[in-house]
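Working notes, structure below.
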Amino acid sequence: MISTERDHALLIACAVRILNASGAMGKSGHVSRRDPTDPGVMWINSQGASRSTIGPQDVVPIDLRTGARIGDGPAPPTELHIHRSIYLHRPEVAAVVHSHPPYVVALSVAGQTLRPVMIDGGFLPEEAPFFDSAAHVDTAERGELLATTLGDSTVVVMRGHGMALVAASVEEATCRLLAAEDNARIQYLASALAEPRALERDELERVAKHTGSGASRSKAWRYELETARRSGALDGLDLSALG
Ligand SMILES: [Zn+2]
């Protein structure tokens with residue numbers, strides 16, 4: 001059972017390591033969550049900590065109202081504006097991931113719209129919103145532009161850069177990021193053969209019912225957690241608080 005601030009930081013550290021081990025994060029990605037007891041605060045991995053060895057001590061709190069780090073310690077990432085702007089625009093969002101998954105980036109620079117072409121990608125919109133700018137999102141103004149482009153979607157693709165994605169929990173955000181990259185890889189491979197056929201609206205609705213269930217989400221997270229643990233990617237973390 002997750003119960004303390006340290007446990008929330010542990011969950012973020014765990015998510016960062018899982019994404020890093022899968023190759024979908026790289027050295028500069030970040031995972032955040034809205035503080036469940038204070039919706040005006042978010043927690044995010046620091047700028048400098050290695051994504052392969054990050055621990056709970058490397059997760060820092062940010063005041064969403066001002067964008068300032070709360071307290072002393074490691075600095076937040078310069079692209080915290082991605083997260084802050086999304087939380088300000090979307091009060092229902094509990095977790096955000098920003099990452100640089102190679103296949104998602106490949107589609108973005110080829111001018112191909114990310115679409116749900118397989119069932120694991122069923123949470124994607126029929127056409128993923130596209131942020132047509134490859135510069136870092138390191139100002140409040142650029143964060144605002146990105147959040148506006150995201151709108152009420154689950155993801156926004158950032159040309160030549162990566163993507164940002166929202167979810168109801170860190171666990172769901174982690175699994176969604178991995179599924180989005182899997183989906184992009186299949187879309188990329190299929191493009192070499194023919195014009196990929198995306199899932200249709202009624203199929204998306206049916207898939208959402210299945211993959212959106214608590215049992216399905218829990219199974220996906222458990223798979224990613226145990227795979228990472230077995231590989232050694234979570235070594236040094238005390239995972240007992242994660243159940
Ligand atoms: Zn970035």
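By order in the structure tokens, chains are A, B, ...; within a chain, residues start at 1; ligands start at 1, following the order shown.
Look at His83 (chain A): the protein and nucleic acid residues within 9 Å of it, using only C-alpha atoms and passing over chain neighbours fewer than 2 places away, are Val31, Ser32, Arg33, Met42, Ile44, Glu79, Leu80, His81, Ser85, Ile86, Tyr87, Leu88, Ala95, Val96, Val97, His98, Gly143, Ala147 and Ala164 of chain A.
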Those residues with N, CA, C and O atoms, as a PDB file, in the first residue's frame please?
ATOM      1  N   VAL A  31       8.902  11.568 -15.172  1.00  0.00           N
ATOM      2  CA  VAL A  31       7.588  11.082 -14.740  1.00  0.00           C
ATOM      3  C   VAL A  31       7.151  11.958 -13.569  1.00  0.00           C
ATOM      4  O   VAL A  31       7.961  12.270 -12.696  1.00  0.00           O
ATOM      5  N   SER A  32       5.891  12.351 -13.570  1.00  0.00           N
ATOM      6  CA  SER A  32       5.399  13.147 -12.438  1.00  0.00           C
ATOM      7  C   SER A  32       4.051  12.627 -11.984  1.00  0.00           C
ATOM      8  O   SER A  32       3.372  11.908 -12.707  1.00  0.00           O
ATOM      9  N   ARG A  33       3.695  13.030 -10.774  1.00  0.00           N
ATOM     10  CA  ARG A  33       2.352  12.747 -10.284  1.00  0.00           C
ATOM     11  C   ARG A  33       1.866  13.937  -9.487  1.00  0.00           C
ATOM     12  O   ARG A  33       2.649  14.663  -8.872  1.00  0.00           O
ATOM     13  N   MET A  42       3.015  19.004  -7.481  1.00  0.00           N
ATOM     14  CA  MET A  42       3.372  17.785  -8.224  1.00  0.00           C
ATOM     15  C   MET A  42       4.754  17.316  -7.786  1.00  0.00           C
ATOM     16  O   MET A  42       5.573  18.099  -7.296  1.00  0.00           O
ATOM     17  N   ILE A  44       8.199  15.179  -9.193  1.00  0.00           N
ATOM     18  CA  ILE A  44       8.834  14.846 -10.475  1.00  0.00           C
ATOM     19  C   ILE A  44      10.293  14.456 -10.240  1.00  0.00           C
ATOM     20  O   ILE A  44      10.916  14.966  -9.284  1.00  0.00           O
ATOM     21  N   GLU A  79      12.341  21.077 -18.236  1.00  0.00           N
ATOM     22  CA  GLU A  79      11.075  20.919 -18.960  1.00  0.00           C
ATOM     23  C   GLU A  79       9.904  20.598 -18.011  1.00  0.00           C
ATOM     24  O   GLU A  79       8.892  20.055 -18.445  1.00  0.00           O
ATOM     25  N   LEU A  80      10.046  21.005 -16.750  1.00  0.00           N
ATOM     26  CA  LEU A  80       8.935  20.780 -15.813  1.00  0.00           C
ATOM     27  C   LEU A  80       7.670  21.473 -16.303  1.00  0.00           C
ATOM     28  O   LEU A  80       6.552  21.138 -15.888  1.00  0.00           O
ATOM     29  N   HIS A  81       7.831  22.474 -17.202  1.00  0.00           N
ATOM     30  CA  HIS A  81       6.680  23.229 -17.718  1.00  0.00           C
ATOM     31  C   HIS A  81       5.711  22.339 -18.486  1.00  0.00           C
ATOM     32  O   HIS A  81       4.524  22.644 -18.562  1.00  0.00           O
ATOM     33  N   SER A  85       1.994  22.740 -16.908  1.00  0.00           N
ATOM     34  CA  SER A  85       0.925  23.282 -17.750  1.00  0.00           C
ATOM     35  C   SER A  85      -0.198  22.264 -17.931  1.00  0.00           C
ATOM     36  O   SER A  85      -1.377  22.630 -17.931  1.00  0.00           O
ATOM     37  N   ILE A  86       0.161  21.010 -18.070  1.00  0.00           N
ATOM     38  CA  ILE A  86      -0.878  19.986 -18.246  1.00  0.00           C
ATOM     39  C   ILE A  86      -1.718  19.867 -16.977  1.00  0.00           C
ATOM     40  O   ILE A  86      -2.951  19.827 -17.032  1.00  0.00           O
ATOM     41  N   TYR A  87      -1.071  19.851 -15.809  1.00  0.00           N
ATOM     42  CA  TYR A  87      -1.853  19.761 -14.562  1.00  0.00           C
ATOM     43  C   TYR A  87      -2.767  20.973 -14.385  1.00  0.00           C
ATOM     44  O   TYR A  87      -3.880  20.850 -13.875  1.00  0.00           O
ATOM     45  N   LEU A  88      -2.281  22.143 -14.794  1.00  0.00           N
ATOM     46  CA  LEU A  88      -3.107  23.347 -14.650  1.00  0.00           C
ATOM     47  C   LEU A  88      -4.298  23.305 -15.602  1.00  0.00           C
ATOM     48  O   LEU A  88      -5.392  23.748 -15.269  1.00  0.00           O
ATOM     49  N   ALA A  95      -1.215  11.886 -13.359  1.00  0.00           N
ATOM     50  CA  ALA A  95       0.175  11.539 -13.671  1.00  0.00           C
ATOM     51  C   ALA A  95       0.487  11.931 -15.116  1.00  0.00           C
ATOM     52  O   ALA A  95      -0.392  11.891 -15.992  1.00  0.00           O
ATOM     53  N   VAL A  96       1.746  12.317 -15.331  1.00  0.00           N
ATOM     54  CA  VAL A  96       2.209  12.722 -16.664  1.00  0.00           C
ATOM     55  C   VAL A  96       3.572  12.088 -16.909  1.00  0.00           C
ATOM     56  O   VAL A  96       4.401  12.012 -15.996  1.00  0.00           O
ATOM     57  N   VAL A  97       3.799  11.632 -18.130  1.00  0.00           N
ATOM     58  CA  VAL A  97       5.136  11.187 -18.543  1.00  0.00           C
ATOM     59  C   VAL A  97       5.552  12.009 -19.752  1.00  0.00           C
ATOM     60  O   VAL A  97       4.749  12.232 -20.670  1.00  0.00           O
ATOM     61  N   HIS A  98       6.793  12.480 -19.726  1.00  0.00           N
ATOM     62  CA  HIS A  98       7.391  13.053 -20.936  1.00  0.00           C
ATOM     63  C   HIS A  98       8.627  12.229 -21.249  1.00  0.00           C
ATOM     64  O   HIS A  98       9.477  12.017 -20.379  1.00  0.00           O
ATOM     65  N   GLY A 143       5.175  25.646 -22.393  1.00  0.00           N
ATOM     66  CA  GLY A 143       4.346  24.659 -21.698  1.00  0.00           C
ATOM     67  C   GLY A 143       2.872  24.889 -21.990  1.00  0.00           C
ATOM     68  O   GLY A 143       2.108  23.950 -22.229  1.00  0.00           O
ATOM     69  N   ALA A 147       0.309  22.262 -23.735  1.00  0.00           N
ATOM     70  CA  ALA A 147      -0.929  21.812 -23.075  1.00  0.00           C
ATOM     71  C   ALA A 147      -2.141  22.141 -23.930  1.00  0.00           C
ATOM     72  O   ALA A 147      -3.114  21.377 -23.974  1.00  0.00           O
ATOM     73  N   ALA A 164       4.316  13.589 -24.760  1.00  0.00           N
ATOM     74  CA  ALA A 164       3.825  13.707 -23.387  1.00  0.00           C
ATOM     75  C   ALA A 164       2.504  12.964 -23.330  1.00  0.00           C
ATOM     76  O   ALA A 164       1.763  12.920 -24.326  1.00  0.00           O
TER      77      ALA A 164
END
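Selecting all polymer residues at most 10 Å from ligand 1, using only C-alpha atoms and all ligand atoms, gives Met25, Gly26, Lys27, Ser28, Gly29, His30, Pro77, Thr78, Glu79, Leu80, Ile82, His98, Ser99, His100, Ala134, Ala135, His136, Val137, Asp138, Met158, Gly160, His161, Gly162, Met163 and Ala164 of chain A.
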Deliver the residues from the most recent selection as a file, using N, CA, C and O atoms, as a compact mmCIF listing (two decimals), in the first residue's frame.
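Saved file selection_23.txt follows:
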# COMPACT_ATOMS: atom_id res chain seq x y z
N MET A 25 12.83 5.79 -22.63
CA MET A 25 12.95 7.03 -21.87
C MET A 25 14.18 7.85 -22.27
O MET A 25 14.08 9.03 -22.55
N GLY A 26 15.37 7.24 -22.30
CA GLY A 26 16.58 8.02 -22.55
C GLY A 26 17.01 8.77 -21.30
O GLY A 26 16.40 8.68 -20.25
N LYS A 27 18.07 9.58 -21.48
CA LYS A 27 18.70 10.17 -20.29
C LYS A 27 17.93 11.35 -19.71
O LYS A 27 18.24 11.81 -18.62
N SER A 28 16.93 11.85 -20.44
CA SER A 28 16.32 13.11 -19.99
C SER A 28 14.81 13.06 -19.77
O SER A 28 14.19 14.12 -19.60
N GLY A 29 14.19 11.90 -19.79
CA GLY A 29 12.74 11.87 -19.63
C GLY A 29 12.33 12.09 -18.18
O GLY A 29 13.15 12.06 -17.27
N HIS A 30 11.03 12.34 -17.98
CA HIS A 30 10.56 12.49 -16.61
C HIS A 30 9.14 11.98 -16.41
O HIS A 30 8.32 11.98 -17.32
N PRO A 77 13.73 19.17 -13.50
CA PRO A 77 14.11 19.27 -14.92
C PRO A 77 13.67 20.61 -15.51
O PRO A 77 12.67 21.18 -15.06
N THR A 78 14.43 21.10 -16.49
CA THR A 78 14.08 22.39 -17.11
C THR A 78 12.75 22.30 -17.86
O THR A 78 12.10 23.31 -18.08
N GLU A 79 12.34 21.08 -18.24
CA GLU A 79 11.08 20.92 -18.96
C GLU A 79 9.90 20.60 -18.01
O GLU A 79 8.89 20.05 -18.44
N LEU A 80 10.05 21.00 -16.75
CA LEU A 80 8.93 20.78 -15.81
C LEU A 80 7.67 21.47 -16.30
O LEU A 80 6.55 21.14 -15.89
N ILE A 82 6.22 21.27 -19.07
CA ILE A 82 5.33 20.31 -19.74
C ILE A 82 4.30 19.82 -18.73
O ILE A 82 3.08 19.86 -18.95
N HIS A 98 6.79 12.48 -19.73
CA HIS A 98 7.39 13.05 -20.94
C HIS A 98 8.63 12.23 -21.25
O HIS A 98 9.48 12.02 -20.38
N SER A 99 8.71 11.73 -22.48
CA SER A 99 9.81 10.84 -22.83
C SER A 99 10.12 10.97 -24.31
O SER A 99 9.46 11.70 -25.04
N HIS A 100 11.14 10.21 -24.73
CA HIS A 100 11.64 10.34 -26.10
C HIS A 100 11.69 8.97 -26.77
O HIS A 100 12.76 8.49 -27.16
N ALA A 134 10.44 21.46 -32.50
CA ALA A 134 11.43 20.54 -31.93
C ALA A 134 12.25 21.16 -30.80
O ALA A 134 13.16 20.52 -30.30
N ALA A 135 11.94 22.38 -30.40
CA ALA A 135 12.71 23.00 -29.31
C ALA A 135 12.24 22.47 -27.95
O ALA A 135 11.12 21.96 -27.83
N HIS A 136 13.10 22.60 -26.94
CA HIS A 136 12.72 22.16 -25.60
C HIS A 136 11.54 22.99 -25.07
O HIS A 136 11.40 24.16 -25.40
N VAL A 137 10.75 22.33 -24.25
CA VAL A 137 9.62 23.03 -23.62
C VAL A 137 10.10 23.49 -22.24
O VAL A 137 9.79 22.88 -21.22
N ASP A 138 10.89 24.57 -22.25
CA ASP A 138 11.57 24.98 -21.02
C ASP A 138 11.13 26.36 -20.53
O ASP A 138 11.85 27.00 -19.76
N MET A 158 5.55 15.23 -30.06
CA MET A 158 6.37 16.45 -30.19
C MET A 158 7.42 16.18 -31.27
O MET A 158 8.28 15.31 -31.11
N GLY A 160 10.37 15.57 -33.60
CA GLY A 160 11.81 15.47 -33.41
C GLY A 160 12.24 15.46 -31.95
O GLY A 160 13.40 15.72 -31.64
N HIS A 161 11.33 15.11 -31.06
CA HIS A 161 11.60 15.25 -29.63
C HIS A 161 11.04 14.07 -28.84
O HIS A 161 11.78 13.32 -28.23
N GLY A 162 9.74 13.87 -28.87
CA GLY A 162 9.17 12.77 -28.07
C GLY A 162 7.68 12.91 -27.93
O GLY A 162 6.98 13.24 -28.88
N MET A 163 7.20 12.66 -26.72
CA MET A 163 5.77 12.78 -26.49
C MET A 163 5.50 13.09 -25.02
O MET A 163 6.36 12.89 -24.16
N ALA A 164 4.32 13.59 -24.76
CA ALA A 164 3.83 13.71 -23.39
C ALA A 164 2.50 12.96 -23.33
O ALA A 164 1.76 12.92 -24.33
Item to complete: Pick out the residues sitting within 12 Å of Glu226 (chain A), and hand them over as JSON, numbers by chain; count only C-alpha atoms, and ignore anything fewer than 6 positions along from it in its own chain.
Response: {"A": [14, 15, 18, 219, 220, 232, 233, 234, 235, 239, 242, 243]}
Selected residues, C-alpha atoms, written as a PDB file, in the first residue's frame, please.
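Saved to out_8.pdb:
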ATOM      1  CA  CYS A  14      10.470   2.905 -10.155  1.00  0.00           C
ATOM      2  CA  ALA A  15       8.520   4.150 -13.188  1.00  0.00           C
ATOM      3  CA  ILE A  18      11.211   0.770 -15.905  1.00  0.00           C
ATOM      4  CA  LYS A 219      -1.869  -6.917 -14.841  1.00  0.00           C
ATOM      5  CA  ALA A 220      -0.003  -4.580 -17.215  1.00  0.00           C
ATOM      6  CA  GLY A 232      18.064  -5.965 -12.276  1.00  0.00           C
ATOM      7  CA  ALA A 233      16.826  -2.531 -13.371  1.00  0.00           C
ATOM      8  CA  LEU A 234      15.274  -1.931  -9.938  1.00  0.00           C
ATOM      9  CA  ASP A 235      18.251  -3.089  -7.877  1.00  0.00           C
ATOM     10  CA  LEU A 239       9.953  -2.194  -3.357  1.00  0.00           C
ATOM     11  CA  LEU A 242       4.645  -1.081  -3.714  1.00  0.00           C
ATOM     12  CA  GLY A 243       2.955  -4.278  -2.607  1.00  0.00           C
TER      13      GLY A 243
END
Practice prompt. Would you please extract all strand (DSSP E) residues from region 106-224 of chain A, as assigned by DSSP on the backbone, and give them as a list in words?
Written response: Phe130, Phe131, Val155, Val156, Val157, Met158, Gly162, Met163, Ala164, Leu165, Val166 and Ala167 of chain A
Worksheet, complete the sentence: One decimal place gives the CA of Pro39 (chain A)-CA of Pro91 (chain A) separation as 8.2 Å
Practice prompt. List every residue of region 28-240 of chain A that DSSP, applied to the backbone of this structure, assigns to helix (DSSP H, G or I), and report them as a ChimeraX atom specification.
Written response: /A:56-58,80-89,102-109,119-121,140-150,170-191,201-211,214-231,239-240
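Here CA of Ser153 (chain A) and CA of Thr139 (chain A) stand 21.7 Å from one another.
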Item to complete: Quick one: everything within 12 Å of Ala180 (chain A), counting only C-alpha atoms, minus sequence neighbours fewer than 2 positions away in the same chain. Send it as an MDAnalysis selection string.
Response: chainID A and resid 19 24 97 99:105 107 114:125 128 154:157 162:166 172:178 182:187
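Closest approach to Arg201 (chain A) among A:Glu92, A:Asp38, A:Asp63, A:Glu127 is made by A:Glu127 (distances from only C-alpha atoms).
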